[in-house]
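Asker: Attaching a single structure in structure tokens format; questions to follow.
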Amino acid sequence: MKFLDQIDLKGKKLLIRVDYNVPLKDSVIQDDNRIRASVPTLHYAIAHEAAVIICSHLGRPKGTRVAELSLAPAAKSLSEILQTQVRMASDCIGPEVAAQAAAIQPGQLLMLENLRFHAEEEQNDPAFSQHLAELADVYVNDAFAVAHRTHASVVGVTSYANVCCAGFLVKKERQYLGDALENPERPYVAISGGAKVSTKLGVLNHLLDKADALIIGGAMANTFLFAQGFAVGKSRVEKDLAEDARSILEKADSKGVALHLPVDFVLGESPDCQTAAGTCNTGNIPDDLMVLDVGPKSLTRFEQVLKPARTVMWNGPLGVFENRAFANGSQSIAKSVASLSDAVTIVGGGETGALIHMLDLAADFSFVSTGGGSFLRFLEGNKLPAFDALDNWDNRSSG
Ligand code: 3PG
């Protein structure tokens, strides 16, 4: 894979694929971290006298033009961050866009409209890919968060672009996540939370091949408790995955990986109830209540496990952190990991990254991934389609 700093950019037109799939409320961006994460690549391109065409998806409009999913607010936000004008194109392909792209000059930026307004984007359509590639001299992928999707602007475009490379965000994501998986400093402690075992089976299995200890929290832990024969009350549980949970426990055992489940729980009547209904230990969850957070004894244990860690990889919250009554587990773990100044600490997976930014702890982590699904696919040990596409281009061009 080539990176941006290996390419001569002077006077060139770049098509930079970013991931500006950011949360919006009434056209106001609620979290601009993905936009900020693209700034080093954009600064570099402008400083090296390239003309920059930015493209991204936003939401899932499924091939139709949805006004609320326009990238105009992202263009405005980027313009404020860079303190320079970011022009907004009317679409992402077509004669008008081609003319706008042809007209931009070195140092200028043009943002294309939401790629997913065209169904061809998600279909990885060859003609659509070619239209995108023809807007520029160089294609730059700096969209780690969508690197797991085989879409036109991620994969197809690399078959038609003259030159392809990755931007600095992709470089950083690959470096931090790759090192943690392949060459971690030990002890290596992984924390996995979130609601469903079903979406994390591959991640858990892969982490058991790599980590020294694995902490499991969130509603996911309920399935493990159920699999061990403990009462789980009204808790969210995936009963059909009990067998998978048991084989994960067995794998941990046979590999000598210390697997830590919560030993006590904060209970409630429903995920949106105002107050907690108390705490209890494993085996004592009443029939009419559900587990909504890990309890204080679990947190003390988890902190002990984390203390000697030299690498920590965290995905998924430990409780319903959006509800203040059940946020303590996730917030406490966030603070514990943030305080490990001698360890490489990495967090990702959408919700968890958002939590770290919300707590203003990002600077205390070694790296906060911008990836949600792509972060999980990477943790499963899979090569991401975007990386494959860039490597294939490299092989073709040097072969
Ligand atoms: C994300 O937010 O995880 C990425 O932007 C990918 O979005 P998608 O799941 O809609 O493909």
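Residue names in the structure tokens use chain letters A, B, ... in the order shown, residue numbers from 1 in each chain, and ligand numbers from 1 in the order shown.
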Might you pull out every residue within 9 Å of A:Ser366, with only C-alpha atoms counted and same-chain residues fewer than 6 positions away left off, and present them as an NGL selection string?
Answerer: :A and (176 or 338 or 343-347)
Asker: Any chance you could list, as a list in words, the residues in stretch 207-287 of chain A that come up strand (DSSP E or B) when DSSP is run on the backbone?
Answerer: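 Here are the strand (DSSP E or B) residues of stretch 207-287 of chain A: Ala213, Leu214, Ile215, Ile216, Ala258, Leu259, His260, Asp264, Phe265, Val266, Leu267, Gly268, Gly278, Thr279, Cys280 and Asn281 of chain A.
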Asker: Write a file of the just-selected residues containing N, CA and C atoms, as a short mmCIF file (atom, residue, chain, number, x, y, z; two decimals), in the first residue's frame.
Answerer:
data_model
loop_
_atom_site.label_atom_id
_atom_site.label_comp_id
_atom_site.auth_asym_id
_atom_site.auth_seq_id
_atom_site.Cartn_x
_atom_site.Cartn_y
_atom_site.Cartn_z
N ALA A 213 -5.61 -11.67 28.58
CA ALA A 213 -6.81 -11.64 29.41
C ALA A 213 -7.93 -10.99 28.63
N LEU A 214 -9.16 -11.44 28.87
CA LEU A 214 -10.32 -10.88 28.18
C LEU A 214 -11.41 -10.58 29.19
N ILE A 215 -11.81 -9.32 29.23
CA ILE A 215 -12.91 -8.89 30.10
C ILE A 215 -14.17 -8.79 29.24
N ILE A 216 -15.24 -9.42 29.67
CA ILE A 216 -16.49 -9.33 28.91
C ILE A 216 -17.55 -8.62 29.76
N ALA A 258 -7.12 -15.63 30.59
CA ALA A 258 -8.00 -15.39 31.74
C ALA A 258 -9.24 -14.64 31.26
N LEU A 259 -10.40 -15.29 31.31
CA LEU A 259 -11.64 -14.64 30.85
C LEU A 259 -12.42 -14.17 32.07
N HIS A 260 -12.67 -12.87 32.13
CA HIS A 260 -13.32 -12.28 33.30
C HIS A 260 -14.73 -11.82 32.96
N ASP A 264 -20.96 -8.99 39.71
CA ASP A 264 -22.16 -8.35 40.26
C ASP A 264 -22.72 -7.35 39.25
N PHE A 265 -23.95 -6.95 39.49
CA PHE A 265 -24.69 -6.23 38.44
C PHE A 265 -25.55 -5.12 39.01
N VAL A 266 -25.73 -4.07 38.20
CA VAL A 266 -26.71 -3.04 38.54
C VAL A 266 -27.98 -3.39 37.76
N LEU A 267 -29.10 -3.44 38.48
CA LEU A 267 -30.35 -3.92 37.89
C LEU A 267 -31.34 -2.79 37.66
N GLY A 268 -32.27 -3.01 36.76
CA GLY A 268 -33.34 -2.04 36.53
C GLY A 268 -34.53 -2.74 35.90
N GLY A 278 -31.22 -1.55 42.23
CA GLY A 278 -30.30 -2.17 43.19
C GLY A 278 -29.23 -2.99 42.50
N THR A 279 -28.42 -3.67 43.29
CA THR A 279 -27.35 -4.50 42.73
C THR A 279 -27.49 -5.93 43.27
N CYS A 280 -26.88 -6.87 42.58
CA CYS A 280 -26.86 -8.26 43.09
C CYS A 280 -25.67 -8.99 42.50
N ASN A 281 -25.36 -10.14 43.10
CA ASN A 281 -24.24 -10.95 42.62
C ASN A 281 -24.71 -11.96 41.58
#
Asker: Quick check for you: according to DSSP on this backbone, which residues of stretch 12-85 of chain A are classed as helix (DSSP H, G or I)? Reply as a list in words.
Answerer: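 Filtering stretch 12-85 of chain A down to helix (DSSP H, G or I) leaves Asn33, Arg34, Ile35, Arg36, Ala37, Val39, Pro40, Thr41, Leu42, His43, Tyr44, Ala45, Ile46, Ala47, Ala67, Glu68, Leu69, Ala72, Pro73, Ala74, Ala75, Lys76, Ser77, Leu78, Ser79, Glu80, Ile81 and Leu82 of chain A.
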Asker: Those same residues, written as a tab-separated table (two decimals), in the first residue's frame with N, CA and C atoms?
Answerer:
chain	number	residue	atom	x	y	z
A	33	ASN	N	-15.79	14.45	15.26
A	33	ASN	CA	-14.46	13.82	15.35
A	33	ASN	C	-14.00	13.15	14.06
A	34	ARG	N	-14.94	12.59	13.31
A	34	ARG	CA	-14.53	11.96	12.05
A	34	ARG	C	-14.05	13.03	11.05
A	35	ILE	N	-14.64	14.21	11.12
A	35	ILE	CA	-14.21	15.29	10.22
A	35	ILE	C	-12.82	15.75	10.64
A	36	ARG	N	-12.65	15.96	11.93
A	36	ARG	CA	-11.33	16.39	12.44
A	36	ARG	C	-10.23	15.37	12.12
A	37	ALA	N	-10.62	14.09	12.15
A	37	ALA	CA	-9.62	13.03	11.90
A	37	ALA	C	-9.07	13.07	10.48
A	39	VAL	N	-8.33	15.87	8.89
A	39	VAL	CA	-7.63	17.15	8.66
A	39	VAL	C	-6.14	16.99	8.30
A	40	PRO	N	-5.37	16.09	8.98
A	40	PRO	CA	-3.96	15.99	8.58
A	40	PRO	C	-3.77	15.68	7.09
A	41	THR	N	-4.59	14.80	6.56
A	41	THR	CA	-4.49	14.47	5.13
A	41	THR	C	-4.84	15.69	4.27
A	42	LEU	N	-5.90	16.38	4.65
A	42	LEU	CA	-6.34	17.54	3.85
A	42	LEU	C	-5.31	18.67	3.91
A	43	HIS	N	-4.78	18.91	5.12
A	43	HIS	CA	-3.74	19.96	5.25
A	43	HIS	C	-2.54	19.64	4.37
A	44	TYR	N	-2.13	18.37	4.43
A	44	TYR	CA	-0.95	17.96	3.65
A	44	TYR	C	-1.20	18.16	2.16
A	45	ALA	N	-2.39	17.76	1.72
A	45	ALA	CA	-2.71	17.88	0.28
A	45	ALA	C	-2.69	19.35	-0.16
A	46	ILE	N	-3.28	20.20	0.67
A	46	ILE	CA	-3.33	21.63	0.31
A	46	ILE	C	-1.93	22.23	0.33
A	47	ALA	N	-1.18	21.87	1.37
A	47	ALA	CA	0.18	22.41	1.51
A	47	ALA	C	1.07	21.99	0.33
A	67	ALA	N	-32.93	14.97	1.52
A	67	ALA	CA	-32.38	16.29	1.85
A	67	ALA	C	-31.65	16.30	3.20
A	68	GLU	N	-32.20	15.58	4.18
A	68	GLU	CA	-31.59	15.58	5.54
A	68	GLU	C	-30.23	14.91	5.54
A	69	LEU	N	-29.91	14.16	4.49
A	69	LEU	CA	-28.62	13.46	4.46
A	69	LEU	C	-27.64	14.11	3.48
A	72	ALA	N	-23.86	18.92	3.00
A	72	ALA	CA	-23.62	20.37	3.15
A	72	ALA	C	-23.20	20.76	4.58
A	73	PRO	N	-23.85	20.23	5.64
A	73	PRO	CA	-23.38	20.60	6.99
A	73	PRO	C	-21.92	20.16	7.24
A	74	ALA	N	-21.53	19.04	6.63
A	74	ALA	CA	-20.14	18.58	6.81
A	74	ALA	C	-19.18	19.54	6.10
A	75	ALA	N	-19.59	20.03	4.91
A	75	ALA	CA	-18.75	20.99	4.18
A	75	ALA	C	-18.59	22.27	5.00
A	76	LYS	N	-19.68	22.69	5.63
A	76	LYS	CA	-19.65	23.91	6.45
A	76	LYS	C	-18.72	23.70	7.66
A	77	SER	N	-18.88	22.56	8.30
A	77	SER	CA	-18.06	22.26	9.48
A	77	SER	C	-16.57	22.19	9.10
A	78	LEU	N	-16.29	21.52	7.99
A	78	LEU	CA	-14.90	21.41	7.54
A	78	LEU	C	-14.33	22.79	7.22
A	79	SER	N	-15.15	23.59	6.60
A	79	SER	CA	-14.72	24.93	6.23
A	79	SER	C	-14.34	25.74	7.49
A	80	GLU	N	-15.12	25.56	8.56
A	80	GLU	CA	-14.81	26.26	9.82
A	80	GLU	C	-13.53	25.71	10.45
A	81	ILE	N	-13.37	24.39	10.39
A	81	ILE	CA	-12.19	23.76	11.00
A	81	ILE	C	-10.92	24.19	10.25
A	82	LEU	N	-11.00	24.19	8.90
A	82	LEU	CA	-9.81	24.51	8.10
A	82	LEU	C	-9.62	26.01	7.90
Asker: Dump the neighbourhood of ligand 1 as an MDAnalysis selection string: all residues within 9 Å, distances computed on only C-alpha atoms and all ligand atoms.
Answerer: chainID A and resid 19:22 56:60 122 143:149 349:350 370:375
Asker: Next, write the just-selected residues to a file, as a PDB file, in the first residue's frame, keeping C-alpha atoms as the atom set.
Answerer:
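Saved file result-v2.pdb follows:
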ATOM      1  CA  ASP A  19     -15.888   8.972   6.180  1.00  0.00           C
ATOM      2  CA  TYR A  20     -18.035  11.909   7.255  1.00  0.00           C
ATOM      3  CA  ASN A  21     -20.861   9.633   8.356  1.00  0.00           C
ATOM      4  CA  VAL A  22     -21.429  11.793  11.434  1.00  0.00           C
ATOM      5  CA  SER A  56     -18.166  10.536   1.511  1.00  0.00           C
ATOM      6  CA  HIS A  57     -21.386   8.785   2.348  1.00  0.00           C
ATOM      7  CA  LEU A  58     -23.767   9.904   5.089  1.00  0.00           C
ATOM      8  CA  GLY A  59     -26.398   7.605   6.544  1.00  0.00           C
ATOM      9  CA  ARG A  60     -28.233   5.004   4.510  1.00  0.00           C
ATOM     10  CA  GLU A 122     -23.218   0.351  -2.615  1.00  0.00           C
ATOM     11  CA  ALA A 143     -11.940   6.481   5.169  1.00  0.00           C
ATOM     12  CA  PHE A 144     -11.040   3.765   7.644  1.00  0.00           C
ATOM     13  CA  ALA A 145     -14.589   3.642   9.035  1.00  0.00           C
ATOM     14  CA  VAL A 146     -15.971   2.361   5.729  1.00  0.00           C
ATOM     15  CA  ALA A 147     -12.981   0.188   4.797  1.00  0.00           C
ATOM     16  CA  HIS A 148     -15.037  -2.975   5.395  1.00  0.00           C
ATOM     17  CA  ARG A 149     -17.535  -2.102   2.643  1.00  0.00           C
ATOM     18  CA  GLY A 349     -16.277   0.378  17.698  1.00  0.00           C
ATOM     19  CA  GLY A 350     -18.586   3.358  17.300  1.00  0.00           C
ATOM     20  CA  THR A 370     -12.840   6.200  13.945  1.00  0.00           C
ATOM     21  CA  GLY A 371     -14.109   2.762  12.934  1.00  0.00           C
ATOM     22  CA  GLY A 372     -17.328   1.095  14.030  1.00  0.00           C
ATOM     23  CA  GLY A 373     -17.948  -1.995  11.896  1.00  0.00           C
ATOM     24  CA  SER A 374     -14.529  -1.717  10.250  1.00  0.00           C
ATOM     25  CA  PHE A 375     -12.826  -1.740  13.663  1.00  0.00           C
TER      26      PHE A 375
END
Asker: Pick out the residues sitting within 9 Å of A:Ile104, and hand them over as a list in words; count only C-alpha atoms, and ignore anything fewer than 3 positions along from it in its own chain.
Answerer: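 Close residues of A:Ile104: Lys13, Ala51, Val52, Ile53, Ala99, Gln100, Ala101, Gly107, Gln108, Leu109 and Leu110 of chain A.
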Asker: Env of A:Ala89: 6 Å cut, atoms = only C-alpha atoms, seq-sep filter 3 positions within chain, self excluded. Answer as a ChimeraX atom specification.
Answerer: /A:111-113
Asker: Restrict the selected residues to N, CA and C atoms and save them as a PDB file, in the first residue's frame.
Answerer:
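Just written: part-v8.pdb:
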ATOM      1  N   MET A 111     -16.419  19.642  -2.057  1.00  0.00           N
ATOM      2  CA  MET A 111     -17.046  18.461  -1.434  1.00  0.00           C
ATOM      3  C   MET A 111     -18.155  17.934  -2.326  1.00  0.00           C
ATOM      4  N   LEU A 112     -18.056  16.659  -2.690  1.00  0.00           N
ATOM      5  CA  LEU A 112     -19.126  16.056  -3.490  1.00  0.00           C
ATOM      6  C   LEU A 112     -20.314  15.734  -2.586  1.00  0.00           C
ATOM      7  N   GLU A 113     -21.494  15.632  -3.205  1.00  0.00           N
ATOM      8  CA  GLU A 113     -22.705  15.296  -2.440  1.00  0.00           C
ATOM      9  C   GLU A 113     -22.684  13.795  -2.109  1.00  0.00           C
TER      10      GLU A 113
END
Asker: Find the residues near A:Asp364: any atom within 10 Å, counting only C-alpha atoms, skip ones fewer than 2 places away on the same chain, and give them as a list in words.
Answerer: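 The neighbour list is Ala334, Lys335, Val337, Ala338, Ser339, Leu340, Ser341, Thr345, Ile356, Asp360, Leu361, Ala362, Ser366, Phe367 and Val368 of chain A.
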Asker: Using only C-alpha atoms, which protein or nucleic acid residues come within 7 Å of A:Asp212? Drop anything in the same chain fewer than 6 positions from it, and give the result as a JSON list (two decimals) with C-alpha atoms, in the first residue's frame.
Answerer:
[["chain", "number", "residue", "atom", "x", "y", "z"],
["A", 187, "PRO", "CA", 0.29, -8.32, 29.20],
["A", 188, "TYR", "CA", -2.36, -7.66, 26.58],
["A", 189, "VAL", "CA", -5.85, -7.16, 28.00],
["A", 257, "VAL", "CA", -6.45, -16.77, 28.55],
["A", 258, "ALA", "CA", -8.00, -15.39, 31.74]]
Asker: Can you work out which one of A:His131, A:Arg324, A:Arg236, A:Lys210 has the shortest atom-to-atom distance to A:Thr275, counting only C-alpha atoms?
Answerer: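 Checking each candidate against A:Thr275, we get A:Arg324 as the closest.
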Asker: Would you mind telling me which residue in A:Leu384, A:Cys55, A:Leu376, A:Met313 lies nearest to A:Leu201 when using only C-alpha atoms?
Answerer: A:Leu376
Asker: Name the closest residue to A:Ile29 among the candidates A:Asp5, A:Ser70, A:Leu14, A:Ser192; distances are taken between atoms, counting only C-alpha atoms.
Answerer: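 Using only C-alpha atoms, the shortest distance to A:Ile29 belongs to A:Ser70.
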Asker: Would you list the contacts of A:Ala161 as an MDAnalysis selection string, taking every protein, DNA or RNA residue within 12 Å and counting only C-alpha atoms, but skipping same-chain residues closer than 6 positions in sequence?
Answerer: chainID A and resid 13:16 126 129:141 152:155 389:390 393:394 396:397
Asker: Only N, CA and C atoms, please: the residues just picked out, written as a short mmCIF file (atom, residue, chain, number, x, y, z; two decimals), in the first residue's frame.
Answerer:
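The result, stored in part.cif:
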data_model
loop_
_atom_site.label_atom_id
_atom_site.label_comp_id
_atom_site.auth_asym_id
_atom_site.auth_seq_id
_atom_site.Cartn_x
_atom_site.Cartn_y
_atom_site.Cartn_z
N LYS A 13 -4.94 16.77 -9.14
CA LYS A 13 -6.29 16.75 -8.56
C LYS A 13 -6.43 15.46 -7.77
N LEU A 14 -6.86 15.59 -6.51
CA LEU A 14 -7.01 14.40 -5.67
C LEU A 14 -8.49 14.14 -5.43
N LEU A 15 -8.89 12.89 -5.49
CA LEU A 15 -10.22 12.49 -5.01
C LEU A 15 -9.97 11.81 -3.67
N ILE A 16 -10.36 12.46 -2.59
CA ILE A 16 -10.08 11.89 -1.26
C ILE A 16 -11.37 11.32 -0.68
N PRO A 126 -19.31 -0.64 -11.75
CA PRO A 126 -18.09 -0.24 -12.49
C PRO A 126 -18.19 1.14 -13.14
N SER A 129 -17.97 3.79 -10.53
CA SER A 129 -16.59 3.83 -10.03
C SER A 129 -15.71 4.61 -11.01
N GLN A 130 -15.91 4.34 -12.29
CA GLN A 130 -15.09 5.00 -13.32
C GLN A 130 -15.36 6.51 -13.34
N HIS A 131 -16.64 6.89 -13.23
CA HIS A 131 -16.97 8.33 -13.21
C HIS A 131 -16.25 9.02 -12.05
N LEU A 132 -16.26 8.36 -10.89
CA LEU A 132 -15.58 8.97 -9.73
C LEU A 132 -14.09 9.10 -10.00
N ALA A 133 -13.49 8.02 -10.49
CA ALA A 133 -12.04 8.02 -10.72
C ALA A 133 -11.65 9.11 -11.72
N GLU A 134 -12.50 9.33 -12.73
CA GLU A 134 -12.16 10.29 -13.79
C GLU A 134 -12.20 11.75 -13.33
N LEU A 135 -12.71 11.98 -12.12
CA LEU A 135 -12.73 13.37 -11.62
C LEU A 135 -11.33 13.84 -11.23
N ALA A 136 -10.40 12.90 -11.01
CA ALA A 136 -9.11 13.29 -10.42
C ALA A 136 -7.94 12.54 -11.04
N ASP A 137 -6.72 12.99 -10.66
CA ASP A 137 -5.50 12.29 -11.11
C ASP A 137 -5.11 11.21 -10.12
N VAL A 138 -5.43 11.46 -8.85
CA VAL A 138 -4.99 10.55 -7.78
C VAL A 138 -6.18 10.24 -6.87
N TYR A 139 -6.37 8.96 -6.52
CA TYR A 139 -7.41 8.58 -5.55
C TYR A 139 -6.74 8.31 -4.21
N VAL A 140 -7.27 8.93 -3.17
CA VAL A 140 -6.71 8.75 -1.83
C VAL A 140 -7.81 8.19 -0.92
N ASN A 141 -7.54 7.06 -0.30
CA ASN A 141 -8.52 6.52 0.65
C ASN A 141 -8.11 6.90 2.06
N ALA A 152 -18.30 1.32 -4.39
CA ALA A 152 -17.61 1.91 -5.54
C ALA A 152 -16.51 2.88 -5.14
N SER A 153 -16.78 3.75 -4.18
CA SER A 153 -15.79 4.77 -3.81
C SER A 153 -14.69 4.22 -2.91
N VAL A 154 -14.84 2.95 -2.51
CA VAL A 154 -13.87 2.33 -1.62
C VAL A 154 -13.02 1.30 -2.38
N VAL A 155 -13.71 0.52 -3.22
CA VAL A 155 -13.04 -0.58 -3.92
C VAL A 155 -13.03 -0.36 -5.44
N ALA A 389 -7.96 -3.60 -1.95
CA ALA A 389 -8.04 -2.86 -3.21
C ALA A 389 -6.80 -2.00 -3.42
N LEU A 390 -6.34 -1.34 -2.35
CA LEU A 390 -5.14 -0.49 -2.48
C LEU A 390 -3.91 -1.35 -2.75
N TRP A 393 -3.99 -2.52 -6.36
CA TRP A 393 -3.57 -1.46 -7.29
C TRP A 393 -2.04 -1.36 -7.31
N ASP A 394 -1.47 -1.44 -6.11
CA ASP A 394 -0.03 -1.35 -5.96
C ASP A 394 0.66 -2.48 -6.74
N ARG A 396 -0.54 -4.20 -9.23
CA ARG A 396 -0.73 -4.03 -10.68
C ARG A 396 0.24 -2.97 -11.22
N SER A 397 0.38 -1.87 -10.47
CA SER A 397 1.17 -0.76 -11.00
C SER A 397 2.67 -1.06 -10.95
#
Asker: Out of A:Ser235, A:Gln105, A:Ser336, A:Gln83, which residue has the shortest atom-to-atom distance to A:Lys10 when counting only C-alpha atoms?
Answerer: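 Closest to A:Lys10, using only C-alpha atoms: A:Gln105.
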Asker: For atom CA of A:Glu173 and atom CA of A:Asp142, determine how far apart the two atoms are, in Å to one decimal place.
Answerer: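 Distance between the two atoms: 9.9 Å.
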Asker: Kindly indicate which residue among A:Ala252, A:Leu71, A:Gly11, A:Asn395 lies nearest to A:Pro23, using only C-alpha atoms for the distances.
Answerer: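 Result for the nearest residue to A:Pro23: A:Leu71.
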Asker: To one decimal place in Å, what is the distance between atom CA of A:His48 and atom CA of A:Leu169?
Answerer: 17.4 Å
Asker: Restricting the calculation to only C-alpha atoms, which member of A:Asn328, A:Gln175, A:Asn114, A:Asn392 is positioned closest to A:Gly63?
Answerer: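 Result for the nearest residue to A:Gly63: A:Asn114.
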